[in-house]
>>> print(open('my_file16.cif').read())   # mmCIF, C-alpha atoms
data_my_file
loop_
_atom_site.label_atom_id
_atom_site.label_comp_id
_atom_site.auth_asym_id
_atom_site.auth_seq_id
_atom_site.Cartn_x
_atom_site.Cartn_y
_atom_site.Cartn_z
CA MET W 1 -5.95 -17.22 -26.03
CA ILE W 2 -8.08 -18.42 -23.09
CA GLY W 3 -6.44 -21.82 -23.32
CA ALA W 4 -2.97 -20.25 -23.23
CA LEU W 5 -4.01 -18.12 -20.24
CA LYS W 6 -5.23 -21.17 -18.34
CA THR W 7 -2.05 -23.13 -19.14
CA LEU W 8 0.15 -20.25 -17.98
CA ILE W 9 -1.78 -19.67 -14.75
CA TRP W 10 -1.88 -23.36 -13.91
CA ARG W 11 1.89 -23.67 -14.40
CA ASP W 12 2.66 -20.66 -12.19
CA VAL W 13 0.26 -21.63 -9.42
CA ARG W 14 1.52 -25.21 -9.34
CA GLN W 15 5.09 -23.98 -9.27
CA SER W 16 4.40 -21.51 -6.43
CA TYR W 17 2.79 -24.10 -4.22
CA ALA W 18 5.31 -26.84 -5.13
CA SER W 19 8.31 -24.63 -4.33
CA GLY W 20 6.95 -23.85 -0.87
CA GLY W 21 7.49 -20.12 -1.44
CA THR W 22 3.78 -19.58 -0.93
CA TRP W 23 4.09 -20.16 2.80
CA LEU W 24 6.88 -17.64 3.32
CA PRO W 25 4.50 -14.63 3.53
CA VAL W 26 2.27 -16.65 5.85
CA ILE W 27 5.10 -17.44 8.25
CA PHE W 28 6.27 -13.82 8.10
CA TYR W 29 2.76 -12.60 8.80
CA LEU W 30 2.34 -14.85 11.80
CA SER W 31 5.78 -13.86 13.11
CA VAL W 32 4.81 -10.19 13.10
CA ALA W 33 1.56 -10.94 14.89
CA THR W 34 3.44 -13.00 17.47
CA LEU W 35 6.18 -10.42 18.03
CA PHE W 36 3.95 -7.37 18.28
CA PRO W 37 2.44 -8.17 21.71
CA PHE W 38 5.94 -8.89 23.02
CA ALA W 39 7.05 -5.44 21.87
CA VAL W 40 4.13 -3.34 23.14
CA GLY W 41 2.94 -5.43 26.03
CA PRO W 42 -0.10 -7.67 26.44
CA ASP W 43 -2.62 -4.90 27.19
CA ARG W 44 -5.80 -6.21 25.62
CA ASP W 45 -7.40 -2.87 24.80
CA PHE W 46 -4.25 -1.52 23.22
CA LEU W 47 -3.84 -4.65 21.10
CA LEU W 48 -7.46 -4.39 19.98
CA GLN W 49 -6.95 -0.75 19.00
CA THR W 50 -3.71 -1.21 17.08
CA GLY W 51 -3.89 -4.85 15.97
CA GLY W 52 -5.79 -4.21 12.76
CA GLY W 53 -3.33 -1.56 11.61
CA ILE W 54 -0.33 -3.76 12.41
CA LEU W 55 -1.82 -6.67 10.50
CA TRP W 56 -2.35 -4.34 7.56
CA ILE W 57 1.26 -3.17 7.60
CA ALA W 58 2.37 -6.78 7.86
CA ALA W 59 0.30 -7.56 4.75
CA LEU W 60 2.07 -4.79 2.83
CA LEU W 61 5.48 -6.06 3.91
CA ALA W 62 4.52 -9.64 3.10
CA THR W 63 3.86 -8.40 -0.44
CA LEU W 64 7.57 -7.68 -0.79
CA LEU W 65 8.74 -11.18 0.05
CA PRO W 66 8.00 -12.95 -3.24
CA LEU W 67 9.08 -10.04 -5.48
CA ASP W 68 12.30 -11.61 -6.78
CA ARG W 69 10.57 -14.86 -7.75
CA LEU W 70 7.71 -13.32 -9.72
CA VAL W 71 9.31 -12.28 -13.00
CA GLN W 72 13.09 -12.58 -12.90
CA PRO W 73 13.46 -16.39 -13.07
CA ASP W 74 11.09 -16.73 -16.02
CA LEU W 75 12.77 -13.82 -17.76
CA ASP W 76 16.24 -15.36 -17.30
CA ASN W 77 14.93 -18.73 -18.36
CA GLY W 78 13.74 -17.38 -21.71
CA LEU W 79 10.14 -18.35 -20.97
CA TYR W 80 8.74 -14.95 -21.87
CA ASP W 81 10.69 -14.84 -25.14
CA GLN W 82 9.20 -18.17 -26.12
CA LEU W 83 5.70 -16.92 -25.29
CA ILE W 84 6.21 -13.75 -27.33
CA VAL W 85 7.43 -15.80 -30.31
CA ARG W 86 4.15 -17.70 -30.06
CA GLY W 87 2.22 -14.46 -30.39
CA ILE W 88 1.19 -14.15 -26.73
CA THR W 89 1.35 -10.47 -25.79
CA ASP W 90 3.24 -8.97 -22.85
CA GLU W 91 -0.06 -7.76 -21.42
CA LEU W 92 -1.51 -11.27 -21.43
CA ILE W 93 1.65 -12.62 -19.79
CA ALA W 94 1.38 -9.95 -17.08
CA PHE W 95 -2.35 -10.62 -16.62
CA ALA W 96 -1.68 -14.34 -16.21
CA ARG W 97 1.06 -13.55 -13.69
CA LEU W 98 -1.32 -11.30 -11.74
CA ILE W 99 -3.95 -14.02 -11.47
CA SER W 100 -1.51 -16.81 -10.67
CA HIS W 101 0.29 -14.69 -8.09
CA TRP W 102 -2.96 -13.74 -6.41
CA LEU W 103 -4.02 -17.40 -6.26
CA ALA W 104 -0.75 -18.26 -4.52
CA PHE W 105 -0.66 -15.15 -2.31
CA GLY W 106 -4.22 -14.07 -1.47
CA PRO W 107 -5.83 -17.15 0.08
CA PRO W 108 -2.82 -18.12 2.26
CA LEU W 109 -2.53 -14.50 3.47
CA LEU W 110 -6.22 -14.40 4.41
CA PHE W 111 -5.79 -17.65 6.27
CA ALA W 112 -2.77 -16.23 8.11
CA ALA W 113 -4.72 -13.05 8.90
CA LEU W 114 -7.44 -15.13 10.50
CA LEU W 115 -4.90 -16.87 12.75
CA ALA W 116 -3.05 -13.64 13.49
CA SER W 117 -6.19 -11.75 14.53
CA GLY W 118 -6.66 -14.43 17.16
CA LEU W 119 -3.28 -13.46 18.57
CA MET W 120 -4.35 -9.81 18.63
CA GLY W 121 -7.66 -10.64 20.27
CA LEU W 122 -9.66 -9.31 17.33
CA GLU W 123 -13.14 -10.81 17.07
CA GLY W 124 -16.65 -10.01 15.93
CA PRO W 125 -17.31 -7.17 13.46
CA PRO W 126 -13.74 -5.75 13.46
CA LEU W 127 -12.41 -9.19 12.52
CA VAL W 128 -14.93 -9.51 9.70
CA THR W 129 -14.04 -6.04 8.43
CA LEU W 130 -10.31 -6.76 8.61
CA LEU W 131 -10.70 -9.97 6.61
CA ALA W 132 -13.01 -8.25 4.11
CA SER W 133 -10.57 -5.37 3.64
CA LEU W 134 -7.65 -7.77 3.11
CA ALA W 135 -9.73 -9.88 0.71
CA ILE W 136 -10.48 -6.74 -1.30
CA ALA W 137 -6.88 -5.53 -1.21
CA THR W 138 -4.95 -8.75 -1.94
CA PRO W 139 -5.61 -8.58 -5.71
CA ALA W 140 -4.18 -5.04 -5.69
CA LEU W 141 -1.20 -6.11 -3.57
CA ALA W 142 -0.59 -8.98 -6.01
CA GLY W 143 -0.86 -6.50 -8.88
CA LEU W 144 1.62 -4.11 -7.24
CA ALA W 145 4.01 -7.00 -6.69
CA VAL W 146 3.80 -8.05 -10.34
CA MET W 147 4.24 -4.46 -11.56
CA ILE W 148 7.24 -3.82 -9.32
CA ALA W 149 8.80 -7.20 -10.14
CA ALA W 150 8.48 -6.47 -13.86
CA LEU W 151 9.79 -2.91 -13.48
CA THR W 152 12.84 -3.93 -11.47
CA ALA W 153 13.59 -7.13 -13.43
CA GLY W 154 17.22 -7.24 -14.48
CA LEU W 155 18.30 -4.46 -12.13
CA LYS W 156 20.88 -4.83 -9.39
CA GLY W 157 19.45 -4.39 -5.93
CA ALA W 158 15.96 -5.02 -7.28
CA GLY W 159 14.78 -6.09 -3.83
CA ALA W 160 15.62 -2.83 -2.09
CA LEU W 161 14.26 -0.80 -4.98
CA GLY W 162 11.08 -2.85 -4.88
CA GLY W 163 10.53 -1.88 -1.27
CA LEU W 164 10.96 1.80 -2.07
CA LEU W 165 8.54 1.57 -4.99
CA LEU W 166 5.89 -0.28 -3.04
CA VAL W 167 5.60 2.14 -0.15
CA PRO W 168 4.13 5.17 -2.00
CA LEU W 169 1.98 3.04 -4.30
CA ALA W 170 0.49 1.12 -1.40
CA ILE W 171 -0.40 4.15 0.76
CA PRO W 172 -3.98 4.49 -0.57
CA LEU W 173 -4.59 0.82 0.15
CA LEU W 174 -3.22 1.19 3.66
CA ILE W 175 -5.27 4.31 4.43
CA PHE W 176 -8.59 2.89 3.33
CA GLY W 177 -7.80 -0.68 4.35
CA ALA W 178 -6.63 -0.01 7.89
CA GLY W 179 -9.15 2.82 8.14
CA SER W 180 -12.03 0.51 7.33
CA ILE W 181 -11.65 -1.34 10.64
CA ALA W 182 -12.68 1.69 12.70
CA ASP W 183 -15.08 2.99 10.06
CA GLN W 184 -18.70 2.09 10.81
CA SER W 185 -20.25 3.48 7.64
CA GLY W 186 -18.55 1.07 5.22
CA SER W 187 -17.43 3.85 2.91
CA ALA W 188 -13.75 3.11 3.57
CA LEU W 189 -14.29 -0.37 2.17
CA LEU W 190 -15.88 1.15 -0.93
CA PHE W 191 -12.90 3.46 -1.43
CA LEU W 192 -10.59 0.51 -0.87
CA SER W 193 -12.46 -1.43 -3.57
CA ALA W 194 -12.06 1.48 -5.98
CA VAL W 195 -8.31 1.76 -5.37
CA SER W 196 -7.94 -2.00 -5.62
CA LEU W 197 -9.84 -2.16 -8.91
CA LEU W 198 -7.72 0.63 -10.35
CA LEU W 199 -4.44 -1.07 -9.42
CA VAL W 200 -5.63 -4.42 -10.77
CA ALA W 201 -6.78 -2.77 -14.00
CA ILE W 202 -3.48 -1.04 -14.73
CA THR W 203 -1.29 -4.02 -13.76
CA PRO W 204 -1.38 -5.90 -17.10
CA PHE W 205 -0.54 -2.73 -19.03
CA ALA W 206 2.14 -1.37 -16.70
CA ALA W 207 3.82 -4.74 -16.15
CA GLY W 208 3.41 -5.61 -19.85
CA ALA W 209 5.13 -2.38 -20.87
CA ALA W 210 7.94 -3.10 -18.41
CA LEU W 211 8.43 -6.60 -19.85
CA ARG W 212 8.57 -5.14 -23.35
CA ALA W 213 11.10 -2.51 -22.30
CA VAL W 214 13.41 -5.02 -20.65
CA ARG W 215 13.49 -7.12 -23.82
CA GLU W 216 14.63 -4.32 -26.13
CA MET R 1 8.67 -3.08 -40.00
CA ARG R 2 7.82 -6.66 -39.28
CA ASN R 3 4.86 -8.33 -40.99
CA GLU R 4 3.56 -11.73 -40.04
CA GLY R 5 1.52 -14.14 -42.08
CA SER R 6 3.58 -14.47 -45.22
CA ASP R 7 4.34 -18.04 -46.38
CA SER R 8 8.04 -17.35 -46.79
CA LEU R 9 10.74 -15.39 -45.02
CA HIS R 10 11.71 -12.21 -46.74
CA ALA R 11 14.02 -9.51 -45.39
CA GLU R 12 14.47 -6.20 -47.15
CA ALA R 13 17.30 -3.77 -46.31
CA LEU R 14 17.26 -4.85 -42.69
CA SER R 15 19.43 -2.98 -40.19
CA CYS R 16 19.84 -3.63 -36.51
CA VAL R 17 21.15 -1.39 -33.75
CA ARG R 18 21.91 -2.62 -30.24
CA GLY R 19 22.88 -0.02 -27.71
CA ASP R 20 24.97 2.49 -29.65
CA LYS R 21 26.30 -0.05 -32.09
CA MET R 22 25.00 -0.86 -35.55
CA LEU R 23 25.30 -4.62 -35.95
CA PHE R 24 24.32 -5.10 -39.57
CA ARG R 25 23.05 -2.87 -42.30
CA ASP R 26 20.95 -3.28 -45.45
CA LEU R 27 20.61 -7.02 -45.12
CA SER R 28 18.30 -8.52 -47.76
CA PHE R 29 17.54 -12.18 -48.24
CA ALA R 30 14.67 -14.57 -48.82
CA LEU R 31 13.86 -18.13 -47.82
CA SER R 32 10.96 -19.99 -49.34
CA GLN R 33 9.31 -23.20 -48.21
CA GLY R 34 11.64 -26.16 -47.94
CA GLN R 35 14.75 -23.98 -47.87
CA ALA R 36 17.42 -23.61 -45.25
CA GLY R 37 19.70 -20.65 -44.55
CA LEU R 38 22.95 -20.47 -42.63
CA VAL R 39 24.15 -17.31 -40.90
CA THR R 40 27.87 -17.14 -40.23
CA GLY R 41 30.24 -14.51 -38.90
CA PRO R 42 32.49 -13.77 -35.95
CA ASN R 43 31.19 -13.52 -32.37
CA GLY R 44 29.19 -10.42 -31.58
CA VAL R 45 28.48 -9.58 -35.19
CA GLY R 46 24.74 -9.83 -34.70
CA LYS R 47 23.76 -13.39 -35.65
CA SER R 48 21.63 -13.90 -32.56
CA SER R 49 20.16 -10.41 -32.92
CA LEU R 50 19.15 -11.23 -36.50
CA LEU R 51 17.34 -14.35 -35.31
CA ARG R 52 15.68 -12.45 -32.44
CA LEU R 53 14.66 -9.72 -34.83
CA ILE R 54 13.00 -12.24 -37.16
CA ALA R 55 11.34 -13.86 -34.15
CA GLY R 56 9.80 -10.52 -33.23
CA LEU R 57 11.76 -10.09 -29.99
CA LEU R 58 13.64 -7.05 -31.30
CA GLY R 59 12.49 -4.26 -33.53
CA PRO R 60 14.52 -3.55 -36.68
CA PHE R 61 16.29 -0.19 -36.83
CA SER R 62 15.26 0.13 -40.45
CA GLY R 63 14.08 -2.12 -43.24
CA SER R 64 11.32 -4.68 -43.20
CA VAL R 65 10.89 -8.38 -42.71
CA ASP R 66 7.98 -10.63 -43.69
CA THR R 67 7.76 -13.79 -41.64
CA PRO R 68 5.47 -16.81 -41.43
CA LEU R 69 2.90 -16.70 -38.63
CA SER R 70 4.38 -19.57 -36.67
CA ILE R 71 8.02 -19.45 -35.66
CA ALA R 72 10.07 -21.58 -33.30
CA LEU R 73 13.17 -20.11 -31.71
CA CYS R 74 15.91 -22.27 -30.23
CA ASP R 75 18.44 -20.07 -28.46
CA ASP R 76 20.73 -20.62 -25.49
CA ARG R 77 17.96 -20.50 -22.91
CA MET R 78 15.92 -23.45 -21.76
CA ALA R 79 12.45 -22.03 -21.13
CA LEU R 80 11.80 -25.29 -19.32
CA ASP R 81 11.23 -25.69 -15.57
CA GLU R 82 14.51 -26.95 -14.16
CA HIS R 83 13.09 -29.02 -11.33
CA LEU R 84 10.59 -30.89 -13.50
CA PRO R 85 11.27 -34.05 -15.48
CA LEU R 86 11.73 -33.32 -19.18
CA ALA R 87 8.46 -34.95 -20.24
CA ILE R 88 6.45 -32.88 -17.75
CA ALA R 89 8.28 -29.63 -18.56
CA LEU R 90 7.69 -30.17 -22.28
CA ARG R 91 4.01 -30.80 -21.62
CA PHE R 92 3.60 -27.09 -20.76
CA TRP R 93 4.69 -26.12 -24.29
CA ALA R 94 2.70 -29.00 -25.76
CA ARG R 95 -0.45 -27.56 -24.17
CA LEU R 96 0.32 -24.06 -25.46
CA ASP R 97 1.05 -25.36 -28.96
CA GLY R 98 -1.98 -27.64 -28.99
CA LYS R 99 0.07 -30.85 -28.94
CA THR R 100 -0.41 -34.15 -27.13
CA ASP R 101 1.84 -36.21 -24.87
CA ALA R 102 2.47 -38.51 -27.84
CA ASP R 103 3.88 -35.53 -29.75
CA CYS R 104 6.18 -34.88 -26.78
CA MET R 105 7.48 -38.45 -27.00
CA ILE R 106 8.12 -38.04 -30.74
CA ALA R 107 9.94 -34.72 -30.22
CA MET R 108 12.08 -36.19 -27.41
CA ALA R 109 12.94 -39.20 -29.57
CA ALA R 110 13.90 -36.89 -32.45
CA ALA R 111 16.28 -35.09 -30.11
CA GLY R 112 17.65 -38.39 -28.77
CA MET R 113 16.17 -37.67 -25.33
CA GLY R 114 13.54 -40.42 -25.16
CA HIS R 115 15.45 -42.29 -22.44
CA LEU R 116 15.75 -39.14 -20.27
CA ALA R 117 12.05 -38.25 -20.24
CA GLU R 118 11.70 -38.91 -16.49
CA VAL R 119 14.90 -37.12 -15.43
CA PRO R 120 14.62 -33.60 -13.94
CA ILE R 121 16.23 -31.05 -16.23
CA ARG R 122 18.62 -29.70 -13.60
CA TYR R 123 20.58 -32.99 -13.77
CA PHE R 124 21.23 -32.69 -17.52
CA SER R 125 24.71 -32.21 -18.97
CA THR R 126 25.50 -29.40 -21.44
CA GLY R 127 24.78 -31.58 -24.46
CA GLN R 128 21.61 -32.98 -22.93
CA ARG R 129 20.38 -29.47 -22.13
CA GLN R 130 20.94 -28.51 -25.74
CA ARG R 131 19.00 -31.57 -26.88
CA ALA R 132 16.18 -30.64 -24.51
CA ARG R 133 16.02 -27.20 -26.15
CA LEU R 134 15.93 -28.89 -29.53
CA ALA R 135 13.13 -31.19 -28.38
CA ARG R 136 11.12 -28.11 -27.34
CA THR R 137 11.72 -26.64 -30.80
CA PHE R 138 10.79 -29.86 -32.63
CA LEU R 139 7.60 -30.05 -30.59
CA SER R 140 6.18 -26.83 -31.98
CA SER R 141 4.44 -27.11 -35.31
CA ALA R 142 6.11 -23.89 -36.45
CA ASN R 143 6.90 -23.47 -40.10
CA LEU R 144 10.09 -21.49 -39.60
CA TRP R 145 12.76 -22.73 -37.21
CA LEU R 146 15.29 -20.18 -35.99
CA LEU R 147 18.23 -22.08 -34.55
CA ASP R 148 20.99 -20.28 -32.67
CA GLU R 149 24.02 -22.58 -32.47
CA PRO R 150 21.88 -25.72 -32.48
CA ALA R 151 24.87 -28.07 -32.46
CA ASN R 152 26.62 -26.49 -29.44
CA GLY R 153 27.74 -29.19 -27.05
CA LEU R 154 26.39 -32.03 -29.17
CA ASP R 155 28.45 -35.15 -29.89
CA ALA R 156 28.91 -36.37 -33.46
CA ALA R 157 26.02 -38.84 -33.30
CA SER R 158 23.67 -36.15 -31.96
CA VAL R 159 24.68 -33.76 -34.75
CA GLU R 160 23.88 -36.53 -37.23
CA LEU R 161 20.48 -37.06 -35.59
CA LEU R 162 19.84 -33.30 -35.61
CA GLY R 163 20.62 -33.27 -39.35
CA GLU R 164 18.01 -35.97 -39.97
CA THR R 165 15.31 -34.03 -38.12
CA LEU R 166 16.19 -30.77 -39.87
CA GLN R 167 16.08 -32.52 -43.26
CA ALA R 168 12.68 -34.02 -42.44
CA HIS R 169 11.40 -30.54 -41.53
CA LEU R 170 12.66 -29.15 -44.85
CA ASP R 171 11.11 -32.07 -46.74
CA ASP R 172 7.80 -31.20 -45.09
CA GLY R 173 8.04 -27.71 -46.58
CA GLY R 174 9.42 -26.10 -43.44
CA MET R 175 12.08 -23.40 -43.35
CA ILE R 176 15.23 -23.19 -41.25
CA LEU R 177 17.50 -20.28 -40.50
CA ALA R 178 20.46 -21.36 -38.41
CA ALA R 179 23.46 -19.57 -36.98
CA SER R 180 26.17 -22.14 -36.38
CA HIS R 181 29.91 -22.49 -36.10
CA ILE R 182 29.64 -26.25 -36.27
CA ALA R 183 28.97 -27.75 -39.70
CA LEU R 184 25.40 -29.03 -39.87
CA PRO R 185 24.77 -32.08 -42.07
CA ILE R 186 22.12 -30.49 -44.31
CA ALA R 187 22.40 -28.60 -47.58
CA PHE R 188 21.90 -24.85 -47.18
CA ASP R 189 20.22 -22.91 -49.98
CA LEU R 190 21.30 -19.59 -48.57
CA LYS R 191 24.48 -18.49 -46.85
CA LEU R 192 24.56 -15.16 -45.08
CA GLU R 193 27.93 -13.97 -43.96
CA LEU R 194 27.76 -11.12 -41.49
CA ASP R 195 30.85 -8.94 -41.28
CA ALA R 196 31.77 -6.56 -38.53
CA LEU R 197 30.82 -3.05 -39.63
CA GLU R 198 33.14 -0.10 -39.41
CA PRO R 199 32.05 1.88 -36.37
CA VAL R 200 29.43 4.38 -37.49
CA GLU R 201 27.53 6.79 -35.27
CA ALA R 202 24.00 5.46 -35.03
CA SER R 203 21.43 8.17 -34.64
CA ARG R 204 17.76 7.61 -34.36
#
>>> encode(input="my_file16.cif", output="structure tokens")
Amino acid sequence: MIGALKTLIWRDVRQSYASGGTWLPVIFYLSVATLFPFAVGPDRDFLLQTGGGILWIAALLATLLPLDRLVQPDLDNGLYDQLIVRGITDELIAFARLISHWLAFGPPLLFAALLASGLMGLEGPPLVTLLASLAIATPALAGLAVMIAALTAGLKGAGALGGLLLVPLAIPLLIFGAGSIADQSGSALLFLSAVSLLLVAITPFAAGAALRAVRE
Amino acid sequence: MRNEGSDSLHAEALSCVRGDKMLFRDLSFALSQGQAGLVTGPNGVGKSSLLRLIAGLLGPFSGSVDTPLSIALCDDRMALDEHLPLAIALRFWARLDGKTDADCMIAMAAAGMGHLAEVPIRYFSTGQRQRARLARTFLSSANLWLLDEPANGLDAASVELLGETLQAHLDDGGMILAASHIALPIAFDLKLELDALEPVEASR
């Protein structure tokens, strides 16, 4: 089972980086950070106040970009059917997808966040908190993406539906994540960790159930 | 009910419903080691659904089926990465099935694809794609091969080659259940003819 998991993750990660799709969220993220000062003006204090929140919203939106590539191609290709025939469960497939998607999504996004905070003038403790909050939240964002991709697989207009589904599910992450930047006590980060853990924990089961339903 | 781990294939009063339509009803048959079965019938009668049901991808509406633990399914989908060369794409399944690169070479040769090992799959023709699917099936060490139209798009020489590989699998004690409109050059011990059912209201 562990061997199968490693093989699956390695294939997905290699494919994500080879296809170049990994850098799409990064470019999007940097575009938002570049455009924001043009829209609201270059006032340094204002950028410092709002920059963290904007970068958080950009992270949520960046989550939407790879949705259509996460599950649908492999489903159409018959890959999942072949895995099921080999006795690999839907939950394990979803778990592997969660890990491989995070590996292709999390680190590049953190790297982009570091560059983007430079554009917002964030530095010192707020920068560290922003990066920490994103590092904690990216597994949950990857999990949400995998869940939504599995739920909407095979549907027409899956992209638009995906956006609608993500917004309510991601609100707790946004509240505690963006809130952690102004929060001195560190409790927002703890709440963020709890929400993130919960989302990561339910992902294999929710996405696995969705994969099973789409097969029947 | 579907039970795995038996050393033969045994279906008892199997029925299958897709959507609102009952595809087949009270289907019973058995295949033991070294035997091959052929499923025939008009389009849409449920041949593919029968194979998917045995593979565990669909649940039966009623009845039970006992299957071997290891099954290989060859249907109309590639399950191979299109942009990768065949040898590399097959390596993914080789790893999952605990096989080596040498096994990949043997499977590709058995499917007549040895000379195309370095060619990305997206450049393959219809017949070559079918042979790539067959190579993926040959690669698995599964006891029971479920083949959905395995000879689709193959030329006469490739059908001949396919027959040789299928016969070798049967001689090794393997089992084959194939749905095919094209005559396959092996002797079938079992012939299942599915007929379209009169429309009946299916209620769960």
>>> atom_distance(input="my_file16.cif", atom1="atom CA of Gln184 of chain W", atom2="atom CA of Val32 of chain W")
26.6 Å
>>> resolve_selection(input="my_file16.cif", expression="the PyMOL selection byres ((chain W and resi 116) around 8)", output="PyMOL selection string")
chain W and resi 29-30+33-34+55+112-115+117-120
>>> interface_residues(input="my_file16.cif", of="chain W", to="chain R", cutoff="12 Å", atoms="all atoms listed in the file", output="ChimeraX atom specification")
/W:1-12,14-15,18-19,73-90,211-216
>>> closest_residue(input="my_file16.cif", among="R:Glu164, R:Asp195, R:Asp172, R:Asp189", to="Ala111 of chain R", atoms="all atoms listed in the file")
R:Glu164
>>> residues_near_point(input="my_file16.cif", point="(2.2, -5.5, 6.2)", cutoff="12 Å", atoms="only C-alpha atoms", output="PyMOL selection string")
chain W and resi 25-26+28-33+51-65+109+112-113+134+137-138+141+163+166-167+170-171+173-174+177-178
>>> atom_distance(input="my_file16.cif", atom1="atom CA of Ile121 of chain R", atom2="atom CA of Pro85 of chain R")
5.8 Å
>>> residues_around(input="my_file16.cif", residues="Arg91 of chain R", least_positions_apart="3", cutoff="7 Å", atoms="all atoms listed in the file", output="VMD selection string")
chain R and resid 87 to 88 94 to 95 101 104
>>> residues_around(input="my_file16.cif", residues="Val146 of chain W", least_positions_apart="2", cutoff="9 Å", atoms="only C-alpha atoms", output="PDB file with C-alpha atoms, in the coordinates of the input")
ATOM      1  CA  LEU W  67       9.080 -10.040  -5.480  1.00  0.00           C
ATOM      2  CA  LEU W  70       7.710 -13.320  -9.720  1.00  0.00           C
ATOM      3  CA  VAL W  71       9.310 -12.280 -13.000  1.00  0.00           C
ATOM      4  CA  ALA W  94       1.380  -9.950 -17.080  1.00  0.00           C
ATOM      5  CA  ARG W  97       1.060 -13.550 -13.690  1.00  0.00           C
ATOM      6  CA  LEU W  98      -1.320 -11.300 -11.740  1.00  0.00           C
ATOM      7  CA  HIS W 101       0.290 -14.690  -8.090  1.00  0.00           C
ATOM      8  CA  LEU W 141      -1.200  -6.110  -3.570  1.00  0.00           C
ATOM      9  CA  ALA W 142      -0.590  -8.980  -6.010  1.00  0.00           C
ATOM     10  CA  GLY W 143      -0.860  -6.500  -8.880  1.00  0.00           C
ATOM     11  CA  LEU W 144       1.620  -4.110  -7.240  1.00  0.00           C
ATOM     12  CA  ILE W 148       7.240  -3.820  -9.320  1.00  0.00           C
ATOM     13  CA  ALA W 149       8.800  -7.200 -10.140  1.00  0.00           C
ATOM     14  CA  ALA W 150       8.480  -6.470 -13.860  1.00  0.00           C
ATOM     15  CA  LEU W 151       9.790  -2.910 -13.480  1.00  0.00           C
ATOM     16  CA  THR W 203      -1.290  -4.020 -13.760  1.00  0.00           C
ATOM     17  CA  PRO W 204      -1.380  -5.900 -17.100  1.00  0.00           C
ATOM     18  CA  ALA W 207       3.820  -4.740 -16.150  1.00  0.00           C
TER      19      ALA W 207
END
>>> atom_distance(input="my_file16.cif", atom1="atom CA of Leu92 of chain W", atom2="atom CA of Leu165 of chain W")
23.2 Å
>>> closest_residue(input="my_file16.cif", among="R:Pro185, R:Arg25, R:Leu146, R:Pro120", to="Val45 of chain R", atoms="all atoms listed in the file")
R:Arg25
>>> residues_around(input="my_file16.cif", residues="Leu154 of chain R", least_positions_apart="5", cutoff="12 Å", atoms="all atoms listed in the file", output="count of residues only")
21
>>> residues_around(input="my_file16.cif", residues="Pro60 of chain R", least_positions_apart="3", cutoff="10 Å", atoms="only C-alpha atoms", output="ChimeraX atom specification")
/R:1-2,14-18,49-50,52-54,56-57,63-65
>>> residues_around(input="my_file16.cif", residues="Ser28 of chain R", least_positions_apart="5", cutoff="7 Å", atoms="all atoms listed in the file", output="ChimeraX atom specification")
/R:11-14
>>> closest_residue(input="my_file16.cif", among="R:Val119, R:Leu139, R:Phe61, R:Gln33", to="Thr100 of chain R", atoms="all atoms listed in the file")
R:Leu139
>>> axis_aligned_box(input="my_file16.cif", around="segment 157-173 of chain W", padding_each_side="8 Å", output="lines of an AutoDock Vina configuration file")
center_x = 7.4
center_y = -0.5
center_z = -3.3
size_x = 40.0
size_y = 27.3
size_z = 24.0
